[in-house]
Structure formats: structure tokens, C-alpha cells
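Structure below is protein_2.pdb: PDB, C-alpha atoms and all ligand atoms.
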```pdb
ATOM      1  CA  MET A   1     -62.587  50.911 177.863
ATOM      2  CA  THR A   2     -63.374  48.756 180.859
ATOM      3  CA  SER A   3     -61.362  47.486 183.756
ATOM      4  CA  ASN A   4     -61.929  43.867 184.634
ATOM      5  CA  ALA A   5     -60.330  44.236 188.050
ATOM      6  CA  HIS A   6     -63.521  42.687 189.471
ATOM      7  CA  LEU A   7     -62.216  39.350 188.186
ATOM      8  CA  ALA A   8     -59.756  39.469 191.066
ATOM      9  CA  ALA A   9     -62.121  37.404 193.163
ATOM     10  CA  ASP A  10     -61.990  34.618 190.561
ATOM     11  CA  SER A  11     -58.224  34.278 190.810
ATOM     12  CA  GLY A  12     -58.590  34.024 194.603
ATOM     13  CA  PRO A  13     -55.829  33.643 197.153
ATOM     14  CA  SER A  14     -54.798  30.337 195.584
ATOM     15  CA  THR A  15     -53.082  32.219 192.768
ATOM     16  CA  GLU A  16     -49.386  31.652 193.279
ATOM     17  CA  LEU A  17     -47.906  34.160 190.897
ATOM     18  CA  THR A  18     -48.854  37.569 189.497
ATOM     19  CA  LEU A  19     -46.992  38.805 186.451
ATOM     20  CA  LEU A  20     -47.201  42.558 186.799
ATOM     21  CA  ILE A  21     -46.765  44.543 183.612
ATOM     22  CA  PRO A  22     -46.780  48.365 183.660
ATOM     23  CA  CYS A  23     -47.478  49.754 180.189
ATOM     24  CA  PHE A  24     -47.555  53.216 178.748
ATOM     25  CA  ASN A  25     -48.193  53.640 175.015
ATOM     26  CA  GLU A  26     -46.968  50.159 174.098
ATOM     27  CA  GLN A  27     -49.411  49.166 171.349
ATOM     28  CA  CYS A  28     -46.598  48.106 168.962
ATOM     29  CA  VAL A  29     -45.109  45.432 171.185
ATOM     30  CA  LEU A  30     -47.931  44.104 173.373
ATOM     31  CA  ALA A  31     -49.117  41.244 171.144
ATOM     32  CA  GLN A  32     -45.611  39.831 170.782
ATOM     33  CA  PHE A  33     -44.913  40.274 174.504
ATOM     34  CA  HIS A  34     -48.180  38.621 175.549
ATOM     35  CA  ALA A  35     -47.627  35.571 173.350
ATOM     36  CA  ARG A  36     -44.087  35.060 174.652
ATOM     37  CA  LEU A  37     -45.127  35.589 178.271
ATOM     38  CA  LEU A  38     -47.975  33.062 178.152
ATOM     39  CA  ASN A  39     -45.739  30.590 176.377
ATOM     40  CA  ALA A  40     -43.154  30.880 179.146
ATOM     41  CA  VAL A  41     -45.549  30.776 182.115
ATOM     42  CA  GLU A  42     -47.772  27.989 180.840
ATOM     43  CA  GLN A  43     -44.775  25.667 180.978
ATOM     44  CA  LEU A  44     -44.675  26.161 184.737
ATOM     45  CA  ASN A  45     -46.767  24.081 187.058
ATOM     46  CA  ILE A  46     -48.189  27.139 188.807
ATOM     47  CA  THR A  47     -51.433  29.083 189.142
ATOM     48  CA  PHE A  48     -50.909  32.567 187.785
ATOM     49  CA  GLU A  49     -52.523  35.797 186.697
ATOM     50  CA  VAL A  50     -51.161  38.432 184.339
ATOM     51  CA  LEU A  51     -51.955  41.940 185.555
ATOM     52  CA  TYR A  52     -51.496  44.699 182.997
ATOM     53  CA  ILE A  53     -51.398  48.218 184.409
ATOM     54  CA  ASN A  54     -52.245  50.754 181.744
ATOM     55  CA  ASP A  55     -50.492  53.910 182.923
ATOM     56  CA  GLY A  56     -52.681  56.435 181.073
ATOM     57  CA  SER A  57     -51.749  55.364 177.552
ATOM     58  CA  GLN A  58     -53.046  57.471 174.696
ATOM     59  CA  ASP A  59     -52.615  54.843 171.980
ATOM     60  CA  ASP A  60     -54.442  51.496 171.633
ATOM     61  CA  THR A  61     -52.801  49.907 174.692
ATOM     62  CA  ALA A  62     -56.059  50.005 176.698
ATOM     63  CA  ALA A  63     -58.075  48.239 173.996
ATOM     64  CA  ILE A  64     -55.364  45.623 173.454
ATOM     65  CA  ILE A  65     -55.043  44.644 177.123
ATOM     66  CA  ASP A  66     -58.830  44.620 177.546
ATOM     67  CA  GLN A  67     -58.912  42.165 174.668
ATOM     68  CA  PHE A  68     -56.282  39.993 176.407
ATOM     69  CA  SER A  69     -58.322  40.058 179.586
ATOM     70  CA  LEU A  70     -61.177  38.138 178.019
ATOM     71  CA  ASP A  71     -59.008  35.238 179.210
ATOM     72  CA  PRO A  72     -59.889  34.874 182.958
ATOM     73  CA  ARG A  73     -56.206  34.540 183.858
ATOM     74  CA  ILE A  74     -55.518  38.054 182.566
ATOM     75  CA  ARG A  75     -56.572  41.301 184.240
ATOM     76  CA  SER A  76     -56.199  44.908 183.215
ATOM     77  CA  LEU A  77     -56.194  47.963 185.424
ATOM     78  CA  HIS A  78     -56.436  51.407 183.868
ATOM     79  CA  LEU A  79     -54.954  54.381 185.700
ATOM     80  CA  ASN A  80     -56.813  57.668 185.143
ATOM     81  CA  ARG A  81     -53.778  59.286 183.561
ATOM     82  CA  ASN A  82     -50.033  58.772 183.228
ATOM     83  CA  PHE A  83     -48.758  58.675 186.833
ATOM     84  CA  GLY A  84     -45.317  57.220 185.990
ATOM     85  CA  LYS A  85     -43.902  53.704 186.199
ATOM     86  CA  GLU A  86     -43.267  53.839 189.965
ATOM     87  CA  ALA A  87     -46.927  54.638 190.666
ATOM     88  CA  ALA A  88     -48.061  52.019 188.128
ATOM     89  CA  MET A  89     -45.959  49.326 189.816
ATOM     90  CA  ARG A  90     -47.269  50.277 193.244
ATOM     91  CA  ALA A  91     -50.878  50.178 191.995
ATOM     92  CA  GLY A  92     -50.132  46.712 190.602
ATOM     93  CA  ILE A  93     -48.601  45.483 193.873
ATOM     94  CA  ASN A  94     -51.664  46.684 195.782
ATOM     95  CA  GLU A  95     -53.960  44.950 193.277
ATOM     96  CA  ALA A  96     -52.041  41.683 192.746
ATOM     97  CA  GLN A  97     -53.668  38.462 193.920
ATOM     98  CA  GLY A  98     -50.631  36.203 193.594
ATOM     99  CA  ARG A  99     -48.498  35.148 196.571
ATOM    100  CA  ALA A 100     -45.467  36.385 194.642
ATOM    101  CA  VAL A 101     -45.202  39.121 192.014
ATOM    102  CA  ILE A 102     -42.834  39.310 189.051
ATOM    103  CA  ILE A 103     -42.502  42.740 187.437
ATOM    104  CA  LEU A 104     -41.603  42.840 183.737
ATOM    105  CA  ASP A 105     -41.365  45.644 181.193
ATOM    106  CA  CYS A 106     -43.547  44.904 178.199
ATOM    107  CA  ASP A 107     -41.041  46.075 175.563
ATOM    108  CA  LEU A 108     -39.307  42.655 175.733
ATOM    109  CA  GLN A 109     -36.135  44.084 177.244
ATOM    110  CA  ASP A 110     -36.858  41.746 180.178
ATOM    111  CA  PRO A 111     -37.140  38.336 178.439
ATOM    112  CA  PRO A 112     -40.319  36.546 179.647
ATOM    113  CA  GLU A 113     -38.519  33.226 179.085
ATOM    114  CA  LEU A 114     -36.606  33.905 182.342
ATOM    115  CA  VAL A 115     -39.757  33.725 184.479
ATOM    116  CA  PRO A 116     -39.376  29.945 185.171
ATOM    117  CA  LEU A 117     -35.816  30.521 186.402
ATOM    118  CA  MET A 118     -37.040  33.246 188.758
ATOM    119  CA  VAL A 119     -39.741  30.993 190.169
ATOM    120  CA  GLN A 120     -37.143  28.265 190.647
ATOM    121  CA  GLU A 121     -35.033  30.662 192.753
ATOM    122  CA  TRP A 122     -38.109  31.643 194.783
ATOM    123  CA  ARG A 123     -38.815  27.991 195.475
ATOM    124  CA  LYS A 124     -35.269  27.614 196.775
ATOM    125  CA  GLY A 125     -36.289  30.041 199.538
ATOM    126  CA  PHE A 126     -35.275  33.471 198.232
ATOM    127  CA  GLU A 127     -37.844  36.162 198.995
ATOM    128  CA  ILE A 128     -36.425  38.533 196.386
ATOM    129  CA  VAL A 129     -35.026  37.453 193.024
ATOM    130  CA  ASN A 130     -33.259  40.375 191.332
ATOM    131  CA  MET A 131     -32.463  40.128 187.657
ATOM    132  CA  GLN A 132     -29.045  41.681 187.144
ATOM    133  CA  ARG A 133     -28.000  43.020 183.758
ATOM    134  CA  ARG A 134     -24.838  41.454 182.401
ATOM    135  CA  SER A 135     -25.063  43.627 179.316
ATOM    136  CA  ARG A 136     -27.199  46.549 178.158
ATOM    137  CA  HIS A 137     -27.760  45.963 174.457
ATOM    138  CA  GLY A 138     -29.559  48.823 172.815
ATOM    139  CA  ASP A 139     -29.226  51.323 175.691
ATOM    140  CA  SER A 140     -27.989  54.741 174.586
ATOM    141  CA  TRP A 141     -24.683  56.120 175.883
ATOM    142  CA  HIS A 142     -26.503  58.712 178.005
ATOM    143  CA  LYS A 143     -28.520  55.919 179.646
ATOM    144  CA  ARG A 144     -25.328  54.009 180.455
ATOM    145  CA  VAL A 145     -23.583  57.107 181.826
ATOM    146  CA  THR A 146     -26.610  58.124 183.926
ATOM    147  CA  ALA A 147     -26.884  54.566 185.266
ATOM    148  CA  ARG A 148     -23.205  54.552 186.241
ATOM    149  CA  CYS A 149     -23.562  57.912 188.053
ATOM    150  CA  TYR A 150     -26.743  56.643 189.719
ATOM    151  CA  TYR A 151     -25.070  53.603 191.281
ATOM    152  CA  ALA A 152     -22.008  55.653 192.306
ATOM    153  CA  ALA A 153     -24.297  58.174 194.054
ATOM    154  CA  MET A 154     -26.224  55.369 195.779
ATOM    155  CA  ASP A 155     -22.949  53.875 197.055
ATOM    156  CA  GLN A 156     -21.839  57.205 198.485
ATOM    157  CA  LEU A 157     -25.101  58.446 199.925
ATOM    158  CA  ILE A 158     -27.050  55.415 201.104
ATOM    159  CA  ASP A 159     -25.970  53.902 204.368
ATOM    160  CA  GLY A 160     -26.850  50.668 206.105
ATOM    161  CA  PHE A 161     -27.729  48.503 203.118
ATOM    162  CA  ASP A 162     -26.399  47.808 199.618
ATOM    163  CA  VAL A 163     -28.178  48.683 196.414
ATOM    164  CA  PRO A 164     -27.214  45.990 193.887
ATOM    165  CA  ARG A 165     -25.730  47.334 190.646
ATOM    166  CA  GLU A 166     -27.406  46.875 187.289
ATOM    167  CA  VAL A 167     -30.668  45.737 188.838
ATOM    168  CA  SER A 168     -33.768  47.584 187.768
ATOM    169  CA  ASP A 169     -37.416  46.607 188.288
ATOM    170  CA  PHE A 170     -37.233  43.138 186.724
ATOM    171  CA  ARG A 171     -37.571  41.008 189.867
ATOM    172  CA  LEU A 172     -39.652  38.552 191.826
ATOM    173  CA  ILE A 173     -41.038  39.802 195.133
ATOM    174  CA  GLY A 174     -42.188  37.138 197.579
ATOM    175  CA  PRO A 175     -45.199  37.198 199.949
ATOM    176  CA  ASN A 176     -43.463  38.601 203.041
ATOM    177  CA  ALA A 177     -41.859  41.432 201.109
ATOM    178  CA  LEU A 178     -45.180  42.193 199.382
ATOM    179  CA  ALA A 179     -46.944  42.404 202.746
ATOM    180  CA  ALA A 180     -44.228  44.739 204.054
ATOM    181  CA  ILE A 181     -44.463  47.012 200.996
ATOM    182  CA  ARG A 182     -48.275  47.130 201.110
ATOM    183  CA  ALA A 183     -48.139  48.120 204.777
ATOM    184  CA  MET A 184     -46.088  51.192 203.839
ATOM    185  CA  ASP A 185     -47.133  54.531 202.450
ATOM    186  CA  ASP A 186     -47.385  54.801 198.632
ATOM    187  CA  ASN A 187     -44.538  57.306 198.809
ATOM    188  CA  ALA A 188     -42.231  55.118 200.892
ATOM    189  CA  GLY A 189     -39.580  55.389 198.200
ATOM    190  CA  VAL A 190     -38.380  54.181 194.814
ATOM    191  CA  LEU A 191     -39.339  50.495 194.651
ATOM    192  CA  LYS A 192     -35.975  49.039 193.715
ATOM    193  CA  ILE A 193     -34.287  50.762 196.664
ATOM    194  CA  LEU A 194     -37.160  49.944 199.010
ATOM    195  CA  VAL A 195     -36.850  46.240 198.145
ATOM    196  CA  SER A 196     -33.138  46.316 199.076
ATOM    197  CA  TRP A 197     -33.939  48.197 202.273
ATOM    198  CA  LEU A 198     -36.356  45.427 203.366
ATOM    199  CA  GLY A 199     -33.423  43.067 203.847
ATOM    200  CA  TYR A 200     -35.141  39.764 202.971
ATOM    201  CA  PRO A 201     -33.098  36.828 201.603
ATOM    202  CA  THR A 202     -32.175  37.946 198.113
ATOM    203  CA  THR A 203     -30.452  36.448 195.124
ATOM    204  CA  GLU A 204     -29.230  37.960 191.866
ATOM    205  CA  VAL A 205     -29.580  36.176 188.533
ATOM    206  CA  ASN A 206     -27.568  37.497 185.572
ATOM    207  CA  TYR A 207     -29.187  38.109 182.212
ATOM    208  CA  ASP A 208     -28.552  39.937 178.965
ATOM    209  CA  ARG A 209     -30.753  42.995 178.628
ATOM    210  CA  LYS A 210     -32.230  42.947 175.144
ATOM    211  CA  PRO A 211     -32.883  46.001 172.989
ATOM    212  CA  ARG A 212     -36.442  47.363 173.018
ATOM    213  CA  GLN A 213     -38.426  45.419 170.395
ATOM    214  CA  ALA A 214     -40.683  48.291 169.268
ATOM    215  CA  GLY A 215     -41.788  51.755 170.366
ATOM    216  CA  GLN A 216     -39.624  54.215 172.274
ATOM    217  CA  THR A 217     -38.189  54.558 175.757
ATOM    218  CA  LYS A 218     -40.304  56.808 177.983
ATOM    219  CA  TRP A 219     -37.337  57.958 180.043
ATOM    220  CA  SER A 220     -35.528  61.189 179.287
ATOM    221  CA  THR A 221     -32.216  62.112 180.936
ATOM    222  CA  LEU A 222     -34.178  64.523 183.155
ATOM    223  CA  SER A 223     -36.591  61.813 184.330
ATOM    224  CA  LEU A 224     -33.623  59.557 185.128
ATOM    225  CA  LEU A 225     -32.051  62.370 187.149
ATOM    226  CA  ASN A 226     -35.353  62.847 188.983
ATOM    227  CA  LEU A 227     -35.463  59.122 189.756
ATOM    228  CA  GLY A 228     -31.923  59.382 191.135
ATOM    229  CA  ALA A 229     -32.866  62.350 193.326
ATOM    230  CA  ASP A 230     -36.005  60.554 194.586
ATOM    231  CA  SER A 231     -33.948  57.454 195.393
ATOM    232  CA  ILE A 232     -31.524  59.465 197.506
ATOM    233  CA  LEU A 233     -34.030  61.747 199.234
ATOM    234  CA  ALA A 234     -36.199  58.873 200.439
ATOM    235  CA  PHE A 235     -33.374  56.846 201.947
ATOM    236  CA  SER A 236     -30.625  59.227 202.958
ATOM    237  CA  THR A 237     -30.231  62.447 204.901
ATOM    238  CA  ARG A 238     -26.559  62.611 203.972
ATOM    239  CA  PRO A 239     -27.014  65.630 201.651
ATOM    240  CA  LEU A 240     -28.399  67.567 204.651
ATOM    241  CA  ARG A 241     -25.513  66.398 206.801
ATOM    242  CA  LEU A 242     -22.974  67.363 204.120
ATOM    243  CA  TYR A 243     -24.561  70.794 203.882
ATOM    244  CA  SER A 244     -24.318  71.192 207.651
ATOM    245  CA  TYR A 245     -20.594  70.387 207.466
ATOM    246  CA  VAL A 246     -20.008  72.855 204.626
ATOM    247  CA  SER A 247     -21.921  75.560 206.530
ATOM    248  CA  GLY A 248     -20.074  74.758 209.768
ATOM    249  CA  ILE A 249     -16.650  74.981 208.110
ATOM    250  CA  SER A 250     -17.605  78.252 206.379
ATOM    251  CA  PHE A 251     -18.842  79.657 209.686
ATOM    252  CA  LEU A 252     -15.628  78.687 211.442
ATOM    253  CA  LEU A 253     -13.347  80.133 208.759
ATOM    254  CA  GLY A 254     -15.472  83.273 208.534
ATOM    255  CA  SER A 255     -15.322  83.774 212.315
ATOM    256  CA  LEU A 256     -11.524  83.324 212.352
ATOM    257  CA  TRP A 257     -11.211  85.857 209.559
ATOM    258  CA  ILE A 258     -13.472  88.410 211.262
ATOM    259  CA  ALA A 259     -11.550  88.001 214.532
ATOM    260  CA  GLY A 260      -8.334  88.614 212.626
ATOM    261  CA  VAL A 261      -6.918  85.251 213.749
ATOM    262  CA  ALA A 262      -6.512  84.003 210.183
ATOM    263  CA  THR A 263      -6.115  85.644 206.814
ATOM    264  CA  PHE A 264      -7.004  83.992 203.548
ATOM    265  CA  GLY A 265      -5.186  86.082 200.998
ATOM    266  CA  GLU A 266      -7.049  89.336 200.576
ATOM    267  CA  PRO A 267     -10.692  88.354 199.933
ATOM    268  CA  THR A 268     -12.826  91.297 198.956
ATOM    269  CA  TYR A 269     -16.251  91.906 200.449
ATOM    270  CA  GLN A 270     -17.733  91.088 197.031
ATOM    271  CA  HIS A 271     -16.095  87.648 197.174
ATOM    272  CA  LEU A 272     -17.411  86.991 200.636
ATOM    273  CA  LEU A 273     -20.886  88.201 199.739
ATOM    274  CA  MET A 274     -20.922  85.963 196.665
ATOM    275  CA  GLN A 275     -19.798  82.972 198.730
ATOM    276  CA  ALA A 276     -22.509  83.598 201.328
ATOM    277  CA  ILE A 277     -25.170  83.868 198.620
ATOM    278  CA  LEU A 278     -24.006  80.605 196.980
ATOM    279  CA  LEU A 279     -24.058  78.820 200.325
ATOM    280  CA  LEU A 280     -27.563  80.117 200.981
ATOM    281  CA  CYS A 281     -28.759  78.975 197.518
ATOM    282  CA  LEU A 282     -27.283  75.522 198.045
ATOM    283  CA  GLY A 283     -28.915  75.222 201.460
ATOM    284  CA  THR A 284     -32.290  76.383 200.192
ATOM    285  CA  ALA A 285     -32.125  73.828 197.362
ATOM    286  CA  VAL A 286     -31.169  70.911 199.634
ATOM    287  CA  VAL A 287     -33.719  71.755 202.330
ATOM    288  CA  GLY A 288     -36.360  72.513 199.663
ATOM    289  CA  GLU A 289     -35.985  69.009 198.198
ATOM    290  CA  TYR A 290     -36.568  67.413 201.590
ATOM    291  CA  VAL A 291     -39.541  69.674 202.296
ATOM    292  CA  ALA A 292     -41.038  68.586 198.959
ATOM    293  CA  ARG A 293     -40.654  64.956 200.014
ATOM    294  CA  VAL A 294     -42.306  65.577 203.357
ATOM    295  CA  LEU A 295     -45.206  67.277 201.557
ATOM    296  CA  ALA A 296     -45.574  64.283 199.223
ATOM    297  CA  ILE A 297     -45.671  61.909 202.200
ATOM    298  CA  ILE A 298     -48.232  63.869 204.224
ATOM    299  CA  SER A 299     -50.382  64.644 201.184
ATOM    300  CA  PRO A 300     -53.865  63.106 201.439
ATOM    301  CA  ARG A 301     -53.664  62.138 197.749
ATOM    302  CA  PRO A 302     -52.742  58.580 196.709
ATOM    303  CA  ASN A 303     -49.950  58.422 194.139
ATOM    304  CA  SER A 304     -52.313  57.085 191.458
ATOM    305  CA  LEU A 305     -56.003  56.584 190.781
ATOM    306  CA  CYS A 306     -57.581  53.917 188.620
ATOM    307  CA  LYS A 307     -60.774  53.657 186.644
ATOM    308  CA  ARG A 308     -63.099  51.121 188.187
ATOM    309  CA  GLU A 309     -66.600  50.127 187.282
ATOM    310  CA  GLN A 310     -69.134  51.208 189.903
ATOM    311  CA  PRO A 311     -70.705  48.171 191.581
TER     312      PRO A 311
HETATM  313  N1  LIG B   1     -43.856  52.730 181.747
HETATM  314  C1  LIG B   1     -44.978  53.057 182.464
HETATM  315  N2  LIG B   1     -45.212  54.382 182.740
HETATM  316  C2  LIG B   1     -44.370  55.365 182.366
HETATM  317  C3  LIG B   1     -43.190  55.015 181.671
HETATM  318  C4  LIG B   1     -42.956  53.685 181.380
HETATM  319  O1  LIG B   1     -45.773  52.182 182.820
HETATM  320  O2  LIG B   1     -44.655  56.542 182.644
HETATM  321  C5  LIG B   1     -43.598  51.311 181.419
HETATM  322  C6  LIG B   1     -43.291  51.046 179.942
HETATM  323  O3  LIG B   1     -44.469  50.859 179.191
HETATM  324  C7  LIG B   1     -42.434  49.785 180.005
HETATM  325  C8  LIG B   1     -41.662  49.998 181.303
HETATM  326  O4  LIG B   1     -42.406  50.932 182.084
HETATM  327  O5  LIG B   1     -43.205  48.611 180.117
HETATM  328  C9  LIG B   1     -40.251  50.520 181.061
HETATM  329  O6  LIG B   1     -40.313  51.704 180.280
HETATM  330  P1  LIG B   1     -39.209  52.058 179.183
HETATM  331  O7  LIG B   1     -38.968  50.886 178.302
HETATM  332  O8  LIG B   1     -39.630  53.317 178.510
HETATM  333  O9  LIG B   1     -37.946  52.323 180.102
HETATM  334  P2  LIG B   1     -36.430  51.912 179.809
HETATM  335  O10 LIG B   1     -36.423  50.434 179.511
HETATM  336  O11 LIG B   1     -35.998  52.720 178.642
HETATM  337  O12 LIG B   1     -35.742  52.234 181.082
HETATM  338 MG    MG B   2     -37.464  49.542 178.073
END
```

Write out the structure in this file as C-alpha cells.
Ligand code: UDP
Ligand code: MG
Amino acid sequence: MTSNAHLAADSGPSTELTLLIPCFNEQCVLAQFHARLLNAVEQLNITFEVLYINDGSQDDTAAIIDQFSLDPRIRSLHLNRNFGKEAAMRAGINEAQGRAVIILDCDLQDPPELVPLMVQEWRKGFEIVNMQRRSRHGDSWHKRVTARCYYAAMDQLIDGFDVPREVSDFRLIGPNALAAIRAMDDNAGVLKILVSWLGYPTTEVNYDRKPRQAGQTKWSTLSLLNLGADSILAFSTRPLRLYSYVSGISFLLGSLWIAGVATFGEPTYQHLLMQAILLLCLGTAVVGEYVARVLAIISPRPNSLCKREQP
């Protein structure tokens, strides 16, 4: 298995567009995806590269994308192990040579035929082109429910900017936004929220999300919940604030009760002890999550490592 990342120099700064494809165990669908992608992009009058990021696949993904990259317009980057899609996308953004980047899933849920439309929107002057799902064919009920809860939580907890609904990672990111993202720490936050936070001129284009063409989703309900928690923790301190309010109100009521100013039925000491313990557990959990984030940010480790040939 070899990485041909050294071909980057060949694409040079004149490359207008990078098609960034994170892949993890996608051997069943890659050939079909690649053919459709090239077919769509070749129709455009644009210089491009396709950058496959192999996120530690254990199947034949690595061999397949290395085969593709015999074509000088295609590059493959192999991460040392599975670091997760967020890390794979960030590695791809750091590595991309194109002025703009379009991120696509390789399971054909994001139709490659929409790439020309995205480029058209970019040329109109939009820095970010978000592809917004009109429908979610093939997504399980638990995926739909988790997605709904995710957007509701974002609305409630994130302040100062809007997170567009039904927009995932299928988007075009223009040169200014790419420069801003690259200037930030690897752990600056979940990419789709970070892109909204940047505040560049953005447009949404509707599309029908297709069912996965082959293979299986890599996301469990737990990993979706983790993504939701990461999205909130990186961009909002509202959970901490809410906890402060809950603690403050409890303190006030408790003080009134101790002073005999107010009575709340006849609470037993066991009740009060239980309430105090629950409050403490909640606080430890909320603060613990933020401490974990701080540790991730100050950690000297990058969020992924790739295999490169020694010069
Ligand atoms: N992916 C990845 N690393 C991972 C999980 C997924 O690079 O750890 C890639 C995967 O190969 C696909 C894209 O991310 O190209 C979306 O993954 P998936 O289809 O499993 O997610 P879903 O569409 O179900 O949200
Ligand atoms: Mg998918």
C-alpha cells in the first residue's frame, strides 16, 4: 500500500477544485462511485483533483484507491488507523490542493452528478454551498429521530449563528473558508458547525438523499449521540450556564428551607440527600465533558496521522 500524496506538487496551485472523499471499508461501492464522479466532473471546464482519504480501512479500499491514483488527477492518502470521518475530512482539507473543496460520501448517498451545480453556485460568489436534504431515502427510523433531536438541540443550545437543518458534510467550501479552517486547531469543532460559525456567504441547494448503494453505515446511534455532544461542547457553554442556574435555584430553596422561611411539604433528610447527590452527579458530568474537550484541545497529538513515503 502506498500513498501518492507526493503527486500534490503536480496538481499545483492552479488546481481549482478538490473532490474530497473520506472512505472507510467501502470496497463494494468505490468503482461505481469513481466512474460516476469522473463522469460528472469531466463535463466541467475546471482543473480538479480527486483526493481519497482512506480512514484505516481493513478491506480492499486501500488497494482500490491506489489503483485509481495511477491517474495523475487522483490522489490517495492513507490514515494509520480509523480516526473517524471528522478527522479524515480535516486531514483531507489540510492536504487538498484545490482552491475549493467539495466533500462527498463515497456510498453514492451524495449524488456526484450534483457537483456541477455546486460549482455553479460557487461561481455566483457563494463561499459555502450546503447541500440540503429534501428527503432521506433509505435512512433508518433511528437515524431520522436522532437527526431531528440533533437539530432541535442545536437550535436550543447554540447561540449567535444558525445551523442549517438537514445539511450534513456534502458541501463546497471556498478558498477563504478553507484558509480560515486550516488556521484553526484540528479540534476546533465538528466541521459542519464550524463552517456555519465562519459566517461566509452561504447558499443551500436542495437534493434527494439516495439510499446507500452498497456496504453498511458506519454510524451507530451511540456515535451519532457522541457527534451531537461534540457539536454542542465545542460551540456552546449553555449546558454549564444551565447547571449554574439549577444549582443556584437549589441553593436558594435549600437556604430558605434551612432558615425556616419556607416549607416544601415535609421533605425527609433522605430526599434532600438524594437530591444533593443527583445535583453533584449532574455537575460532575457536565464539567467533566468540558474538561475532556479542553484536554483534547491542549493535547500535543494531532487528530490523525497518515502513512507517507519517506523522501
Ligand atoms: N467514513 C469514514 N470514517 C469513518 C466512518 C465513515 O471515512 O469512521 C466515511 C464513509 O466511508 C462514507 C462517509 O464517511 O464515505 C459516510 O459514512 P456512512 O455512509 O457510514 O454514514 P451515513 O451516511 O450513514 O451517515
Ligand atoms: Mg452513507

As JSON, please: the centre and edge lengths in Å, to one decimal, of an axis-aligned box enclosing every listed atom of ligand LIG 1 (chain B) with 3 Å added on each side.
```
{"center_x": -40.8, "center_y": 52.6, "center_z": 180.6, "size_x": 16.0, "size_y": 13.9, "size_z": 10.5}
```

Q) Any idea what's packed within 6 Å of stretch 58-72 of chain A, counting all atoms listed in the file, ignoring anything in its chain fewer than 3 positions away? Could you give it as a VMD selection string? A) chain A and resid 25 to 27 75

Q: With a distance cut-off of 9 Å and only C-alpha atoms, select the neighbouring residues of stretch 76-81 of chain A, excluding the residue or stretch itself and same-chain residues fewer than 3 positions from it, and output the selection as a list in words.
A: Met1, Thr2, Ser3, Asn4, Ala5, Val50, Leu51, Tyr52, Ile53, Asn54, Asp55, Gly56, Ser57, Ala62, Ile65, Asp66, Phe68, Ser69, Ala88, Ala91, Gly92, Glu95, Ser304, Leu305, Cys306, Lys307 and Arg308 of chain A

Residue IDs satisfying the PyMOL selection byres (((chain A and resi 198) around 12) and not hetatm), as a JSON list (two decimals) with C-alpha atoms, keeping the file's coordinate frame:
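Okay, this is what ended up in part.json:
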```json
[["chain", "number", "residue", "atom", "x", "y", "z"],
["A", 127, "GLU", "CA", -37.84, 36.16, 199.00],
["A", 128, "ILE", "CA", -36.42, 38.53, 196.39],
["A", 160, "GLY", "CA", -26.85, 50.67, 206.10],
["A", 161, "PHE", "CA", -27.73, 48.50, 203.12],
["A", 162, "ASP", "CA", -26.40, 47.81, 199.62],
["A", 163, "VAL", "CA", -28.18, 48.68, 196.41],
["A", 173, "ILE", "CA", -41.04, 39.80, 195.13],
["A", 174, "GLY", "CA", -42.19, 37.14, 197.58],
["A", 176, "ASN", "CA", -43.46, 38.60, 203.04],
["A", 177, "ALA", "CA", -41.86, 41.43, 201.11],
["A", 178, "LEU", "CA", -45.18, 42.19, 199.38],
["A", 179, "ALA", "CA", -46.94, 42.40, 202.75],
["A", 180, "ALA", "CA", -44.23, 44.74, 204.05],
["A", 181, "ILE", "CA", -44.46, 47.01, 201.00],
["A", 184, "MET", "CA", -46.09, 51.19, 203.84],
["A", 188, "ALA", "CA", -42.23, 55.12, 200.89],
["A", 189, "GLY", "CA", -39.58, 55.39, 198.20],
["A", 191, "LEU", "CA", -39.34, 50.50, 194.65],
["A", 192, "LYS", "CA", -35.98, 49.04, 193.72],
["A", 193, "ILE", "CA", -34.29, 50.76, 196.66],
["A", 194, "LEU", "CA", -37.16, 49.94, 199.01],
["A", 195, "VAL", "CA", -36.85, 46.24, 198.14],
["A", 196, "SER", "CA", -33.14, 46.32, 199.08],
["A", 197, "TRP", "CA", -33.94, 48.20, 202.27],
["A", 199, "GLY", "CA", -33.42, 43.07, 203.85],
["A", 200, "TYR", "CA", -35.14, 39.76, 202.97],
["A", 201, "PRO", "CA", -33.10, 36.83, 201.60],
["A", 202, "THR", "CA", -32.17, 37.95, 198.11],
["A", 235, "PHE", "CA", -33.37, 56.85, 201.95]]
```

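The residues sitting within 6 Å of ligand MG 2 (chain B), with all atoms listed in the file considered, come out as Asp107, Gln109, Arg212 and Thr217 of chain A.
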
Q.
Please expand the PyMOL selection byres (((chain A and resi 21) around 7) and not hetatm) into the concrete residues it hits in this file, giving the result as a ChimeraX atom specification.
A. /A:19-20,22-23,51-53,103-106

(Q) With distances taken over only C-alpha atoms, which residue among A:Ala214, A:Ala152, A:Leu172, A:Ile102 lies nearest A:Phe33? (A) A:Ala214

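Rounded to one decimal, atom CA of A:Ile298 and atom CA of A:Asn187 lie 9.3 Å from each other.
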
The PyMOL selection byres (((chain A and resi 168) around 8) and not hetatm) applied to the shown file, residues as a PDB file with C-alpha atoms, in the frame of the given file:
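This is the output file result.pdb:
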```pdb
ATOM      1  CA  MET A 131     -32.463  40.128 187.657  1.00  0.00           C
ATOM      2  CA  GLN A 132     -29.045  41.681 187.144  1.00  0.00           C
ATOM      3  CA  GLU A 166     -27.406  46.875 187.289  1.00  0.00           C
ATOM      4  CA  VAL A 167     -30.668  45.737 188.838  1.00  0.00           C
ATOM      5  CA  ASP A 169     -37.416  46.607 188.288  1.00  0.00           C
ATOM      6  CA  PHE A 170     -37.233  43.138 186.724  1.00  0.00           C
ATOM      7  CA  ARG A 171     -37.571  41.008 189.867  1.00  0.00           C
ATOM      8  CA  LYS A 192     -35.975  49.039 193.715  1.00  0.00           C
TER       9      LYS A 192
END
```

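Using all atoms listed in the file, the contacts of A:Leu242 at a cut-off of 12 Å, with sequence neighbours closer than 4 positions omitted, comprise Gln156, Leu157, Ser236, Thr237, Arg238, Val246, Ser247, Gly248, Ile249, Leu282, Gly283, Val286 and Val287 of chain A.
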